[in-house]
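Listing of entry-v7.pdb; format and content: PDB, C-alpha atoms, pLDDT in the B column.
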ATOM      1  CA  MET A   1       2.007 -16.721   1.807  1.00 93.00           C
ATOM      2  CA  TYR A   2       2.154 -17.056  -1.971  1.00 95.00           C
ATOM      3  CA  VAL A   3       4.286 -14.963  -4.340  1.00 97.00           C
ATOM      4  CA  ALA A   4       3.679 -14.007  -7.960  1.00 97.00           C
ATOM      5  CA  GLY A   5       6.687 -12.658  -9.858  1.00 97.00           C
ATOM      6  CA  PHE A   6       7.041 -10.750 -13.122  1.00 96.00           C
ATOM      7  CA  VAL A   7       9.833  -9.609 -15.441  1.00 97.00           C
ATOM      8  CA  ILE A   8       8.739  -6.942 -17.928  1.00 96.00           C
ATOM      9  CA  PRO A   9      10.603  -5.067 -20.681  1.00 97.00           C
ATOM     10  CA  VAL A  10       9.486  -1.424 -20.679  1.00 97.00           C
ATOM     11  CA  PRO A  11      10.604   1.293 -23.113  1.00 97.00           C
ATOM     12  CA  GLU A  12      12.681   3.859 -21.221  1.00 97.00           C
ATOM     13  CA  GLU A  13      10.475   6.708 -22.417  1.00 97.00           C
ATOM     14  CA  ASN A  14       7.471   5.005 -20.753  1.00 96.00           C
ATOM     15  CA  PHE A  15       8.914   5.271 -17.234  1.00 96.00           C
ATOM     16  CA  GLU A  16       6.312   7.760 -15.946  1.00 95.00           C
ATOM     17  CA  ALA A  17       3.453   5.987 -17.722  1.00 93.00           C
ATOM     18  CA  TYR A  18       4.564   2.661 -16.233  1.00 94.00           C
ATOM     19  CA  LYS A  19       4.760   4.163 -12.727  1.00 95.00           C
ATOM     20  CA  ALA A  20       1.194   5.460 -13.053  1.00 91.00           C
ATOM     21  CA  TRP A  21      -0.009   2.122 -14.453  1.00 90.00           C
ATOM     22  CA  ALA A  22       1.703   0.194 -11.621  1.00 93.00           C
ATOM     23  CA  LYS A  23       0.190   2.434  -8.942  1.00 93.00           C
ATOM     24  CA  THR A  24      -3.323   2.058 -10.360  1.00 89.00           C
ATOM     25  CA  SER A  25      -2.922  -1.708 -10.782  1.00 88.00           C
ATOM     26  CA  ALA A  26      -1.608  -2.147  -7.237  1.00 93.00           C
ATOM     27  CA  LYS A  27      -4.701  -0.442  -5.807  1.00 92.00           C
ATOM     28  CA  LEU A  28      -6.937  -2.830  -7.749  1.00 91.00           C
ATOM     29  CA  PHE A  29      -4.948  -5.907  -6.698  1.00 93.00           C
ATOM     30  CA  ARG A  30      -5.204  -4.749  -3.070  1.00 96.00           C
ATOM     31  CA  GLU A  31      -8.989  -4.663  -3.449  1.00 93.00           C
ATOM     32  CA  TYR A  32      -8.781  -8.336  -4.372  1.00 94.00           C
ATOM     33  CA  GLY A  33      -6.619  -9.310  -1.400  1.00 96.00           C
ATOM     34  CA  CYS A  34      -3.025  -8.772  -2.526  1.00 97.00           C
ATOM     35  CA  LEU A  35      -0.925  -8.063   0.586  1.00 96.00           C
ATOM     36  CA  GLU A  36       2.074  -6.476  -1.095  1.00 95.00           C
ATOM     37  CA  SER A  37       2.975  -5.296  -4.573  1.00 95.00           C
ATOM     38  CA  VAL A  38       6.463  -4.111  -5.569  1.00 96.00           C
ATOM     39  CA  ASP A  39       7.458  -2.773  -9.006  1.00 97.00           C
ATOM     40  CA  SER A  40      11.198  -2.172  -9.437  1.00 97.00           C
ATOM     41  CA  TRP A  41      12.831  -0.250 -12.302  1.00 97.00           C
ATOM     42  CA  GLU A  42      16.154  -1.519 -13.656  1.00 95.00           C
ATOM     43  CA  ASP A  43      19.169  -0.059 -11.888  1.00 94.00           C
ATOM     44  CA  ASN A  44      21.868  -2.729 -12.228  1.00 94.00           C
ATOM     45  CA  VAL A  45      20.957  -5.550 -14.605  1.00 94.00           C
ATOM     46  CA  PRO A  46      24.130  -7.107 -16.010  1.00 94.00           C
ATOM     47  CA  ASP A  47      24.310  -9.054 -19.235  1.00 92.00           C
ATOM     48  CA  GLY A  48      24.895 -12.723 -18.455  1.00 93.00           C
ATOM     49  CA  GLU A  49      27.114 -15.198 -20.258  1.00 94.00           C
ATOM     50  CA  THR A  50      24.377 -17.797 -20.760  1.00 94.00           C
ATOM     51  CA  THR A  51      21.128 -15.980 -20.022  1.00 93.00           C
ATOM     52  CA  ASP A  52      19.874 -12.906 -18.208  1.00 96.00           C
ATOM     53  CA  PHE A  53      16.756 -10.807 -17.651  1.00 96.00           C
ATOM     54  CA  ARG A  54      17.082  -9.042 -21.020  1.00 95.00           C
ATOM     55  CA  ARG A  55      17.281 -12.225 -23.043  1.00 95.00           C
ATOM     56  CA  ALA A  56      14.506 -13.805 -21.021  1.00 95.00           C
ATOM     57  CA  VAL A  57      12.041 -11.147 -22.207  1.00 95.00           C
ATOM     58  CA  ALA A  58      13.643 -10.433 -25.588  1.00 95.00           C
ATOM     59  CA  ALA A  59      14.347  -6.848 -24.492  1.00 95.00           C
ATOM     60  CA  ARG A  60      15.033  -4.446 -27.317  1.00 96.00           C
ATOM     61  CA  PRO A  61      17.455  -1.511 -27.364  1.00 96.00           C
ATOM     62  CA  GLY A  62      16.025   1.330 -25.267  1.00 96.00           C
ATOM     63  CA  GLU A  63      13.962  -0.971 -23.024  1.00 96.00           C
ATOM     64  CA  ARG A  64      14.545  -1.263 -19.290  1.00 97.00           C
ATOM     65  CA  ILE A  65      13.731  -4.263 -17.154  1.00 97.00           C
ATOM     66  CA  VAL A  66      11.010  -4.044 -14.524  1.00 97.00           C
ATOM     67  CA  PHE A  67      11.057  -6.732 -11.823  1.00 97.00           C
ATOM     68  CA  CYS A  68       7.848  -7.077  -9.819  1.00 97.00           C
ATOM     69  CA  TRP A  69       6.322  -9.276  -7.203  1.00 96.00           C
ATOM     70  CA  GLN A  70       3.039  -9.599  -5.409  1.00 96.00           C
ATOM     71  CA  VAL A  71       2.467 -11.301  -2.080  1.00 96.00           C
ATOM     72  CA  TRP A  72      -0.863 -13.059  -1.564  1.00 97.00           C
ATOM     73  CA  PRO A  73      -2.174 -14.788   1.576  1.00 97.00           C
ATOM     74  CA  SER A  74      -2.274 -18.152  -0.239  1.00 97.00           C
ATOM     75  CA  ARG A  75      -2.400 -19.770  -3.652  1.00 97.00           C
ATOM     76  CA  GLU A  76      -6.127 -20.258  -3.232  1.00 97.00           C
ATOM     77  CA  ASP A  77      -6.640 -16.566  -2.444  1.00 97.00           C
ATOM     78  CA  MET A  78      -4.655 -15.547  -5.526  1.00 96.00           C
ATOM     79  CA  GLU A  79      -6.502 -17.986  -7.802  1.00 96.00           C
ATOM     80  CA  GLU A  80      -9.868 -16.835  -6.458  1.00 96.00           C
ATOM     81  CA  ALA A  81      -8.828 -13.220  -7.049  1.00 94.00           C
ATOM     82  CA  GLU A  82      -7.671 -14.065 -10.594  1.00 90.00           C
ATOM     83  CA  ALA A  83     -11.090 -15.545 -11.373  1.00 93.00           C
ATOM     84  CA  ARG A  84     -12.822 -12.396 -10.123  1.00 91.00           C
ATOM     85  CA  ILE A  85     -10.281 -10.104 -11.816  1.00 84.00           C
ATOM     86  CA  ALA A  86     -10.962 -11.811 -15.170  1.00 84.00           C
ATOM     87  CA  LYS A  87     -14.523 -10.432 -14.967  1.00 89.00           C
ATOM     88  CA  ASP A  88     -13.530  -6.930 -13.796  1.00 83.00           C
ATOM     89  CA  THR A  89     -13.399  -4.545 -16.767  1.00 81.00           C
ATOM     90  CA  ARG A  90     -10.974  -2.286 -14.871  1.00 77.00           C
ATOM     91  CA  PHE A  91      -8.330  -4.920 -15.653  1.00 72.00           C
ATOM     92  CA  ASP A  92      -8.944  -4.900 -19.411  1.00 70.00           C
ATOM     93  CA  ILE A  93      -5.672  -4.171 -21.172  1.00 63.00           C
ATOM     94  CA  PRO A  94      -5.884  -0.605 -22.470  1.00 60.00           C
ATOM     95  CA  VAL A  95      -4.814   0.276 -25.982  1.00 60.00           C
ATOM     96  CA  GLU A  96      -1.967   2.382 -24.567  1.00 76.00           C
ATOM     97  CA  ILE A  97      -0.408  -0.039 -22.059  1.00 79.00           C
ATOM     98  CA  PRO A  98       3.186   1.193 -21.411  1.00 85.00           C
ATOM     99  CA  PHE A  99       4.857  -2.132 -22.356  1.00 88.00           C
ATOM    100  CA  ASP A 100       4.465  -5.168 -24.599  1.00 84.00           C
ATOM    101  CA  HIS A 101       2.507  -7.522 -22.338  1.00 81.00           C
ATOM    102  CA  ARG A 102       3.187 -10.459 -24.683  1.00 85.00           C
ATOM    103  CA  ARG A 103       6.851 -10.486 -23.641  1.00 90.00           C
ATOM    104  CA  LEU A 104       6.412 -10.327 -19.887  1.00 89.00           C
ATOM    105  CA  ILE A 105       7.335 -13.379 -17.837  1.00 93.00           C
ATOM    106  CA  LEU A 106       5.219 -14.396 -14.887  1.00 93.00           C
ATOM    107  CA  GLY A 107       5.189 -17.196 -12.389  1.00 95.00           C
ATOM    108  CA  ALA A 108       3.845 -17.989  -8.944  1.00 95.00           C
ATOM    109  CA  PHE A 109       5.822 -19.546  -6.128  1.00 95.00           C
ATOM    110  CA  SER A 110       5.446 -21.123  -2.688  1.00 94.00           C
ATOM    111  CA  PRO A 111       8.112 -19.648  -0.394  1.00 90.00           C
ATOM    112  CA  ILE A 112      10.540 -22.100   1.164  1.00 89.00           C
ATOM    113  CA  HIS A 113      12.347 -19.491   3.293  1.00 85.00           C
ATOM    114  CA  THR A 114      11.713 -15.843   4.109  1.00 85.00           C
ATOM    115  CA  MET A 115      13.747 -13.253   5.993  1.00 82.00           C
ATOM    116  CA  GLY A 116      12.886  -9.772   7.188  1.00 75.00           C
ATOM    117  CA  ARG A 117       9.728  -7.691   7.599  1.00 70.00           C
ATOM    118  CA  GLY A 118       8.401  -9.616  10.526  1.00 65.00           C
ATOM    119  CA  THR A 119       9.510 -13.078   9.393  1.00 62.00           C
ATOM    120  CA  GLY A 120      12.627 -13.308  11.538  1.00 57.00           C
ATOM    121  CA  TRP A 121      16.256 -13.544  10.524  1.00 55.00           C
ATOM    122  CA  GLU A 122      16.978 -17.243  11.100  1.00 51.00           C
TER
END
Would you mind writing the file's structure down as structure tokens?
Amino acid sequence: MYVAGFVIPVPEENFEAYKAWAKTSAKLFREYGCLESVDSWEDNVPDGETTDFRRAVAARPGERIVFCWQVWPSREDMEEAEARIAKDTRFDIPVEIPFDHRRLILGAFSPIHTMGRGTGWE
């Protein structure tokens, strides 16, 4: 298992457009082998004393934080998919993307412990 994570500032008024974009994107990622894709809209994102999600993405007034992750079978599978995705015009960034993609944060991680959904509770 390999996990890619994202933090994205999205203007509040783009909620429906983001939902549609996320649904379409998830279908394409699934075609390329993504096992799970979760997009979560801000519900309780407190301001921190030192740093927080908002500061991390330079969120502006009226923007909400979206926290996402994708689960891939392995790092190799994700990297192979990324190479193929780079050539797929369906992934070209449209003129009307519902957020500023330059301020999103992304990273990929090797799990060290998992719990739930078939992984056990130890």
May I ask which of the residues A:Arg30, A:Glu12, A:Leu106, A:Glu36 is the closest one to A:Val71, counting all atoms listed in the file? A:Glu36
Please write out, as AutoDock Vina command-line options, where the centre of an axis-aligned box around all listed atoms of stretch 32-46 of chain A lies and how long its edges are, in Å to one decimal, after adding 6 Å on each side.
--center_x 7.7 --center_y -4.7 --center_z -7.7 --size_x 44.9 --size_y 21.3 --size_z 28.6
Find, counting only C-alpha atoms, the residue in A:Lys23, A:Arg60, A:Arg55, A:Lys87 that gets nearest to A:Ile105.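 Checking each of A:Lys23, A:Arg60, A:Arg55, A:Lys87 against A:Ile105, counting only C-alpha atoms, the winner is A:Arg55.
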In Å, with one decimal, what is the gap from atom CA of A:Glu96 to atom CA of A:Ala17?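 Computed distance, atom CA of A:Glu96 to atom CA of A:Ala17, equals 9.4 Å.
Among the candidate residues A:Arg84, A:Pro9, A:Asp39, A:Ile97, the one lying nearest to A:Arg54 is A:Pro9, with distances computed using all atoms listed in the file.
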Mind checking which residues fall within 10 Å of A:Leu104, counting only C-alpha atoms, ignoring those fewer than 4 positions away in the same chain, and posting them as a PyMOL selection string? chain A and resi 6-10+56-59+65-67+99-100
Could you tell me, as number ranges by chain, which residues have any atom at most 7 Å from (1.8, -4.6, -9.0), counting only C-alpha atoms? A: 22, 25-26, 37-39, 68-70
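For the residues A:Pro61, A:Gly48, A:Pro98, A:Pro111, ranking by smallest atom-to-atom distance to A:Arg75 using only C-alpha atoms places A:Pro111 first.
From atom CA of A:Trp21 back to atom CA of A:His101, the distance works out to 12.7 Å.
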Proximity to A:Glu76 - best of A:Ser110, A:Gly116, A:Asn14, A:Arg64, all atoms listed in the file: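 Of A:Ser110, A:Gly116, A:Asn14, A:Arg64, the one nearest A:Glu76 is A:Ser110, counting all atoms listed in the file.
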Please report the interatomic distance between atom CA of A:Gly62 and atom CA of A:Pro11 in Å with one decimal.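 Between atom CA of A:Gly62 and atom CA of A:Pro11 the gap is 5.8 Å.
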List as an NGL selection string: which residues have an atom within 7 Å of (-4.7, -9.7, -6.3), counting only C-alpha atoms? :A and (29-30 or 32-34 or 72 or 78 or 81-82)
Among listed residues A:Ile85, A:Leu35, A:Ala20, A:Met115, nearest A:Tyr2 (using only C-alpha atoms): A:Leu35
